[in-house]
Structure formats: structure tokens, C-alpha cells
Amino acid sequence: MSTTRPYSPGDRGPEPSGGASGASEGDAPTGDASAGGATAVPAVSSGGRQVRSLSFDGESGVVPLARDFARQALYAWGWLPAATADQRAAAEDVLLVVSELVTNACLHAEGPDLLEITCDNKVIHIEVSDRGAGQPAPRTPHRAGRPGGHGMFIVQRLCLDWGVIRVPGTAGKKVWADLGAPA
């Protein structure tokens, strides 16, 4: 189900106070080789919520960059290496949704600005910010045999919920998706 909300979904408490990156005071950006020149910021906020942000400012090859960043987060949070087929499938679903949301920002919104992934042991929350004005939606009717146009259909099928957050008076949006943790 797609929704448009002026705020983040769920009952997750206050947002981290560390600014746009979601980092707490004292956290330093990491600059490893797999993140290219992008700024990746791991952070742990109160209540066990773990947040990681990746800025795409001036980057190329953002889809594989986003997948690598998400994969590193899944390893850090213990989703990978997966011990069971269900856990492996859940991790692959997260990587696929990240790819689809970032690809959509590339195709329809001049590219993504920021990827933020949050884990709270029950749900992985993914947000991709862009400057586009469009409204993402699955194509209807969905035609599986035709190339292209499957991204939001895939997101809709794999996720617990997804939607769009717009801030009045500012350009762009955040497209978010929630996936459940493996049992």
C-alpha cells in the first residue's frame, strides 16, 4: 500500500538529533574504499535503533554504491552472513529494494541525494531523498512480460509498507520503504 505522509511512518520515537545525516554528536564519517568518495555515516541512536546514511553528492555509479553500502550495514547489524534461507532472502530483499529506490531516483528525479537505512531489530526502514517532483507509483496494470516499469511493483510486493514524504516549501521528496526482519 502506498501512502503519502508529512512525517515518517510508525511509532519510532524522535528522530536522531544529529542533523541530516542522522549521526549523533561525535560520530565521524567513514571513508572506506567501497564507499568511493561518498560520505557514509554509521550511527547508533537511543533505544537500539541503528542508523546509517550515505550522501551521493557528486557521485556516479550510485546504484552499486548504494547496494554495497546497504550490504555493509546488513553485515554490521548481523543480517549477514545469513544462517538460514529465510534470513538470506530477507537480506536480498533489502538490497533489491535499495536498488529499486535508488534506480527510480536516477531515472525519474535527477538522481538521489541521500540514502538512510534504519534498523530496530524488527524492521529495516529505507529512505531515499531526491529533488524530483514526481510521485512514484506501481504501473497499473502490471505487465510482467514487458521490460521496465517494475520497480515500485517490486517494492510494493516485498515491503510491509512504503510511501512518500514531502516537506512543504522544499523541492524534492523522500521515498521510504519498510521491510520486516527475518524470523
# chains A, B, ... in the order shown; residues from 1 in each chain; ligands from 1

$ residues_around --residues "Asp113 of chain A" --least-positions-apart "2" --cutoff "9 Å" --atoms "only C-alpha atoms" --output "VMD selection string"
chain A and resid 54 to 57 105 111 115 128 to 131

$ write_last_selection --atoms "N, CA, C and O atoms" --output "PDB file, in the first residue's frame"
ATOM      1  N   LEU A  54      24.117   7.652   3.718  1.00  0.00           N
ATOM      2  CA  LEU A  54      25.075   7.758   2.625  1.00  0.00           C
ATOM      3  C   LEU A  54      24.672   8.922   1.746  1.00  0.00           C
ATOM      4  O   LEU A  54      23.579   8.927   1.178  1.00  0.00           O
ATOM      5  N   SER A  55      25.560   9.923   1.630  1.00  0.00           N
ATOM      6  CA  SER A  55      25.323  11.061   0.758  1.00  0.00           C
ATOM      7  C   SER A  55      25.888  10.755  -0.627  1.00  0.00           C
ATOM      8  O   SER A  55      26.997  10.242  -0.744  1.00  0.00           O
ATOM      9  N   PHE A  56      25.109  11.065  -1.660  1.00  0.00           N
ATOM     10  CA  PHE A  56      25.537  10.798  -3.034  1.00  0.00           C
ATOM     11  C   PHE A  56      26.069  12.044  -3.727  1.00  0.00           C
ATOM     12  O   PHE A  56      26.203  12.058  -4.940  1.00  0.00           O
ATOM     13  N   ASP A  57      26.366  13.085  -2.991  1.00  0.00           N
ATOM     14  CA  ASP A  57      26.782  14.358  -3.550  1.00  0.00           C
ATOM     15  C   ASP A  57      27.940  14.186  -4.529  1.00  0.00           C
ATOM     16  O   ASP A  57      29.042  13.789  -4.143  1.00  0.00           O
ATOM     17  N   ALA A 105      15.167   7.044  -8.403  1.00  0.00           N
ATOM     18  CA  ALA A 105      15.637   8.417  -8.240  1.00  0.00           C
ATOM     19  C   ALA A 105      16.534   8.828  -9.411  1.00  0.00           C
ATOM     20  O   ALA A 105      16.478   9.969  -9.882  1.00  0.00           O
ATOM     21  N   GLY A 111      18.545  11.891  -9.914  1.00  0.00           N
ATOM     22  CA  GLY A 111      19.455  11.167  -9.033  1.00  0.00           C
ATOM     23  C   GLY A 111      19.127  11.360  -7.570  1.00  0.00           C
ATOM     24  O   GLY A 111      18.467  12.315  -7.178  1.00  0.00           O
ATOM     25  N   LEU A 115      20.774   8.361   1.017  1.00  0.00           N
ATOM     26  CA  LEU A 115      20.188   7.073   1.384  1.00  0.00           C
ATOM     27  C   LEU A 115      20.341   6.946   2.888  1.00  0.00           C
ATOM     28  O   LEU A 115      21.434   7.131   3.420  1.00  0.00           O
ATOM     29  N   VAL A 128      15.144   7.147   0.558  1.00  0.00           N
ATOM     30  CA  VAL A 128      15.972   7.731  -0.490  1.00  0.00           C
ATOM     31  C   VAL A 128      15.419   9.123  -0.774  1.00  0.00           C
ATOM     32  O   VAL A 128      14.262   9.273  -1.158  1.00  0.00           O
ATOM     33  N   SER A 129      16.265  10.137  -0.554  1.00  0.00           N
ATOM     34  CA  SER A 129      15.886  11.529  -0.797  1.00  0.00           C
ATOM     35  C   SER A 129      16.333  11.933  -2.190  1.00  0.00           C
ATOM     36  O   SER A 129      17.417  11.556  -2.636  1.00  0.00           O
ATOM     37  N   ASP A 130      15.482  12.725  -2.858  1.00  0.00           N
ATOM     38  CA  ASP A 130      15.834  13.264  -4.166  1.00  0.00           C
ATOM     39  C   ASP A 130      15.171  14.631  -4.323  1.00  0.00           C
ATOM     40  O   ASP A 130      14.402  15.058  -3.468  1.00  0.00           O
ATOM     41  N   ARG A 131      15.471  15.308  -5.434  1.00  0.00           N
ATOM     42  CA  ARG A 131      14.902  16.627  -5.688  1.00  0.00           C
ATOM     43  C   ARG A 131      13.757  16.579  -6.698  1.00  0.00           C
ATOM     44  O   ARG A 131      13.299  17.619  -7.160  1.00  0.00           O
TER      45      ARG A 131
END

$ closest_residue --among "A:Met152, A:Val167, A:Val123, A:Ala133" --to "Leu96 of chain A" --atoms "only C-alpha atoms"
A:Met152

$ closest_residue --among "A:Phe69, A:Trp77, A:Phe153, A:Trp162" --to "Lys174 of chain A" --atoms "only C-alpha atoms"
A:Trp162

$ residues_around --residues "Ala177 of chain A" --least-positions-apart "5" --cutoff "10 Å" --atoms "only C-alpha atoms" --output "PyMOL selection string"
chain A and resi 2+9+94+97-98+101+117+123-128+155-156+158-164

$ select_by_dssp --residues "segment 89-178 of chain A" --states "alpha helix (DSSP H)" --output "count of residues only"
28

$ select_by_dssp --residues "segment 67-119 of chain A" --states "strand (DSSP E)" --output "ChimeraX atom specification"
/A:112-119

$ atom_distance --atom1 "atom CA of Glu110 of chain A" --atom2 "atom CA of Pro136 of chain A"
13.9 Å

$ residues_around --residues "Gly132 of chain A" --least-positions-apart "6" --cutoff "8 Å" --atoms "only C-alpha atoms" --output "PyMOL selection string"
chain A and resi 105+108-110+171-173
